Amino acid sequence: MNLLETLDNTSSFLSEFEERVRDVDPVIKGILFSEILFLQASLGGRPPSQILESGRAQGQSTKLLSLCFPDSQVISVEHNNSSPDATIALERLASLPNVAPLFGDSRIVLPALVQQNSIALIDGPKGFRALPLAVRLLATGKVRAVYLHDFYQGLPERRYIERHIPEVFFSDNPDFVRQSKHLDGPCWTTYAKAGEAGRRPYRFLGQDQESYGPTMACIPHLPDVNYRRLLNRIHLARVVSKLQDRFLRAA
Ligand SMILES: C[S@@+](CC[C@H](N)C(=O)[O-])C[C@H]1O[C@@H](n2cnc3c(N)ncnc32)[C@H](O)[C@@H]1O
């Protein structure tokens with residue numbers, strides 16, 4: 001699993017993907033449609049048996065995963081059960097037989113549920129806080145790849161994984177964007193209608209961006225990586241970064 005294979009696979013998945021997601025109404029907090037195509041193309045013709053999702057909100061990614069992988073079991077974990085998003089998601093997902101919407105902290109819930117031939121999508125917790133869960137899941141040897149959402153260029157966590165996570169690759173690759181960006185028209189229109197006029201390709205959070213969109217990172221499982229050691233390194237990096245923050249605040 002790598003970027004070149006993903007780019008090669010993209011055109012062959014495109015028309016089926018468009019057909020499957022045709023009736024999905026995008027929601028404001030949801031992932032871009034092209035980002036789920038990226039995930040699908042990266043897996044090639046081998047769908048996972050189980051998809052573990054962390055961070056459901058209104059369930060856009062959950063619904064897209066369910067429709068694109070009808071033979072996979074989608075286990076979706078959301079921490080916040082008191083937000084109106086929780087009810088919206090449960091209503092949106094009620095008719096999808098392959099989705100199990102759970103509540104809890106995915107860092108506790110998901111490692112206990114992982115089965116052979118899984119993948120995981122982490123869209124909350126965000127940034128550095130997503131990394132220990134990602135690496136713990138990879139360390140089981142049962143997860144083929146972990147996908148992390150919101151890893152666009154310029155973020156410190158993006159730089160960190162580019163430097164320290166072997167073979168990671170991203171959905172903001174220009175060739176992938178050229179092949180898939182037309183899928184996201186309805187998403188950008190939804191943001192504009194919701195008053196988020198500043199959220200559009202290459203521009204979000206009120207700033208021009210190098211990346212096309214929020215961006216999915218794919219971390220493939222590699223048999224020769226020592227994930228326990230990687231996890232220790234990540235814990236250490238987080239401690240150092242917290243101490244640096246504290247030091248800078250005090251200075
Ligand atoms: C950006 S939203 C997810 C959007 C969703 N993936 C979609 O495409 O519609 C992030 C969600 O992650 C949830 N979250 C944050 N930390 C979490 C955790 N440890 N376990 C489960 N959910 C978590 C938040 O409550 C929030 O609802």
# chains A, B, ... in the order shown; residues from 1 in each chain; ligands from 1
$ closest_atom_pairs --of "chain A" --to "ligand 1" --cutoff "6 Å" --atoms "only C-alpha atoms and all ligand atoms" --output "JSON lines"
{"residue": "A:Lys29", "atom": "CA", "partner": "ligand 1", "partner_atom_place_in_ligand_line": "4 (C)", "distance": 5.5}
{"residue": "A:Gly30", "atom": "CA", "partner": "ligand 1", "partner_atom_place_in_ligand_line": "8 (O)", "distance": 3.5}
{"residue": "A:Ile31", "atom": "CA", "partner": "ligand 1", "partner_atom_place_in_ligand_line": "8 (O)", "distance": 3.9}
{"residue": "A:Ser54", "atom": "CA", "partner": "ligand 1", "partner_atom_place_in_ligand_line": "21 (C)", "distance": 4.9}
{"residue": "A:Gly55", "atom": "CA", "partner": "ligand 1", "partner_atom_place_in_ligand_line": "12 (O)", "distance": 3.2}
{"residue": "A:Arg56", "atom": "CA", "partner": "ligand 1", "partner_atom_place_in_ligand_line": "5 (C)", "distance": 4.3}
{"residue": "A:Ala57", "atom": "CA", "partner": "ligand 1", "partner_atom_place_in_ligand_line": "27 (O)", "distance": 3.6}
{"residue": "A:Gln58", "atom": "CA", "partner": "ligand 1", "partner_atom_place_in_ligand_line": "9 (O)", "distance": 5.0}
{"residue": "A:Gly59", "atom": "CA", "partner": "ligand 1", "partner_atom_place_in_ligand_line": "9 (O)", "distance": 4.3}
{"residue": "A:Gln60", "atom": "CA", "partner": "ligand 1", "partner_atom_place_in_ligand_line": "9 (O)", "distance": 3.6}
{"residue": "A:Ser61", "atom": "CA", "partner": "ligand 1", "partner_atom_place_in_ligand_line": "8 (O)", "distance": 3.8}
{"residue": "A:Val77", "atom": "CA", "partner": "ligand 1", "partner_atom_place_in_ligand_line": "21 (C)", "distance": 5.2}
{"residue": "A:Glu78", "atom": "CA", "partner": "ligand 1", "partner_atom_place_in_ligand_line": "22 (N)", "distance": 3.8}
{"residue": "A:His79", "atom": "CA", "partner": "ligand 1", "partner_atom_place_in_ligand_line": "21 (C)", "distance": 3.9}
{"residue": "A:Asn80", "atom": "CA", "partner": "ligand 1", "partner_atom_place_in_ligand_line": "25 (O)", "distance": 4.7}
{"residue": "A:Asp105", "atom": "CA", "partner": "ligand 1", "partner_atom_place_in_ligand_line": "20 (N)", "distance": 3.8}
{"residue": "A:Ser106", "atom": "CA", "partner": "ligand 1", "partner_atom_place_in_ligand_line": "20 (N)", "distance": 3.9}
{"residue": "A:Arg107", "atom": "CA", "partner": "ligand 1", "partner_atom_place_in_ligand_line": "19 (N)", "distance": 5.6}
{"residue": "A:Asp123", "atom": "CA", "partner": "ligand 1", "partner_atom_place_in_ligand_line": "6 (N)", "distance": 5.1}
{"residue": "A:Gly124", "atom": "CA", "partner": "ligand 1", "partner_atom_place_in_ligand_line": "12 (O)", "distance": 3.5}
{"residue": "A:Pro125", "atom": "CA", "partner": "ligand 1", "partner_atom_place_in_ligand_line": "16 (N)", "distance": 3.7}
$ write_last_selection --atoms "N, CA and C atoms" --output "short mmCIF file (atom, residue, chain, number, x, y, z; two decimals), in the first residue's frame"
data_model
loop_
_atom_site.label_atom_id
_atom_site.label_comp_id
_atom_site.auth_asym_id
_atom_site.auth_seq_id
_atom_site.Cartn_x
_atom_site.Cartn_y
_atom_site.Cartn_z
N LYS A 29 -19.56 19.54 9.47
CA LYS A 29 -18.33 19.06 10.13
C LYS A 29 -17.73 17.85 9.44
N GLY A 30 -18.32 17.47 8.29
CA GLY A 30 -17.93 16.18 7.71
C GLY A 30 -16.65 16.22 6.91
N ILE A 31 -16.12 15.05 6.72
CA ILE A 31 -14.94 14.81 5.92
C ILE A 31 -15.28 15.06 4.44
N SER A 54 -12.95 6.47 14.85
CA SER A 54 -12.89 7.27 16.07
C SER A 54 -13.29 8.71 15.72
N GLY A 55 -14.40 9.19 16.29
CA GLY A 55 -14.87 10.55 16.02
C GLY A 55 -15.92 10.56 14.92
N ARG A 56 -17.20 10.54 15.34
CA ARG A 56 -18.30 10.39 14.37
C ARG A 56 -19.01 11.71 14.11
N ALA A 57 -19.15 12.57 15.13
CA ALA A 57 -19.91 13.83 15.05
C ALA A 57 -21.27 13.55 14.40
N GLN A 58 -21.57 14.15 13.23
CA GLN A 58 -22.88 13.92 12.59
C GLN A 58 -22.85 12.73 11.62
N GLY A 59 -21.74 12.03 11.58
CA GLY A 59 -21.71 10.74 10.90
C GLY A 59 -21.48 10.78 9.39
N GLN A 60 -20.89 11.85 8.90
CA GLN A 60 -20.65 11.87 7.44
C GLN A 60 -19.65 10.80 7.02
N SER A 61 -18.51 10.75 7.70
CA SER A 61 -17.51 9.74 7.33
C SER A 61 -18.09 8.35 7.54
N VAL A 77 -16.99 5.00 16.99
CA VAL A 77 -17.01 5.40 18.40
C VAL A 77 -16.97 6.93 18.52
N GLU A 78 -17.92 7.47 19.26
CA GLU A 78 -17.98 8.92 19.49
C GLU A 78 -17.96 9.17 21.00
N HIS A 79 -17.15 10.15 21.40
CA HIS A 79 -16.97 10.43 22.82
C HIS A 79 -18.14 11.22 23.40
N ASN A 80 -18.63 12.19 22.61
CA ASN A 80 -19.60 13.15 23.14
C ASN A 80 -21.03 12.69 22.89
N ASP A 105 -14.81 6.60 24.87
CA ASP A 105 -13.51 7.13 24.47
C ASP A 105 -12.84 6.07 23.60
N SER A 106 -12.63 6.41 22.35
CA SER A 106 -12.11 5.41 21.40
C SER A 106 -10.76 4.86 21.83
N ARG A 107 -10.01 5.64 22.60
CA ARG A 107 -8.68 5.18 23.02
C ARG A 107 -8.80 3.98 23.95
N ASP A 123 -10.62 10.64 13.37
CA ASP A 123 -10.98 12.04 13.04
C ASP A 123 -11.29 12.77 14.34
N GLY A 124 -10.83 12.33 15.43
CA GLY A 124 -10.99 12.86 16.78
C GLY A 124 -10.65 11.70 17.70
N PRO A 125 -9.70 11.82 18.61
CA PRO A 125 -8.91 13.00 18.91
C PRO A 125 -8.07 13.44 17.71
#
$ residues_around --residues "segment 164-169 of chain A" --least-positions-apart "3" --cutoff "6 Å" --atoms "only C-alpha atoms" --output "PyMOL selection string"
chain A and resi 161+217-219
$ write_last_selection --atoms "C-alpha atoms" --output "mmCIF file, in the first residue's frame"
data_model
loop_
_atom_site.group_PDB
_atom_site.id
_atom_site.type_symbol
_atom_site.label_atom_id
_atom_site.label_comp_id
_atom_site.auth_asym_id
_atom_site.auth_seq_id
_atom_site.Cartn_x
_atom_site.Cartn_y
_atom_site.Cartn_z
ATOM 1 C CA ILE A 161 4.657 12.195 11.002
ATOM 2 C CA ALA A 217 -2.864 10.788 6.132
ATOM 3 C CA CYS A 218 -2.497 7.065 5.457
ATOM 4 C CA ILE A 219 -0.160 5.106 7.716
#
$ select_by_dssp --residues "segment 86-136 of chain A" --states "alpha helix (DSSP H)" --output "count of residues only"
22
$ residues_around --residues "Leu155 of chain A" --least-positions-apart "4" --cutoff "12 Å" --atoms "only C-alpha atoms" --output "short mmCIF file (atom, residue, chain, number, x, y, z; two decimals) with C-alpha atoms, in the first residue's frame"
data_model
loop_
_atom_site.label_atom_id
_atom_site.label_comp_id
_atom_site.auth_asym_id
_atom_site.auth_seq_id
_atom_site.Cartn_x
_atom_site.Cartn_y
_atom_site.Cartn_z
CA LYS A 126 -6.95 15.33 16.62
CA GLY A 127 -3.30 16.02 15.88
CA PHE A 128 -0.65 14.64 18.20
CA ASP A 150 -6.77 16.90 9.44
CA PHE A 151 -3.09 16.54 8.65
CA ARG A 159 5.87 17.60 9.93
CA TYR A 160 6.27 15.13 12.79
CA ILE A 161 4.66 12.19 11.00
CA GLU A 162 6.46 12.97 7.73
CA GLN A 209 -3.17 26.83 2.58
CA GLU A 210 -0.70 24.68 0.67
CA SER A 211 -3.03 21.70 1.00
CA PRO A 214 -8.16 19.14 5.61
CA THR A 215 -6.24 16.11 4.29
#
$ atom_distance --atom1 "atom CA of Val114 of chain A" --atom2 "atom CA of Leu14 of chain A"
28.9 Å
$ closest_residue --among "A:Pro186, A:Gln50, A:Leu133, A:Phe17" --to "Val109 of chain A" --atoms "only C-alpha atoms"
A:Leu133
$ closest_residue --among "A:Pro97, A:Tyr227, A:Ser241, A:Glu18" --to "Ala134 of chain A" --atoms "only C-alpha atoms"
A:Tyr227
$ atom_distance --atom1 "atom CA of Thr140 of chain A" --atom2 "atom CA of Gln73 of chain A"
18.5 Å
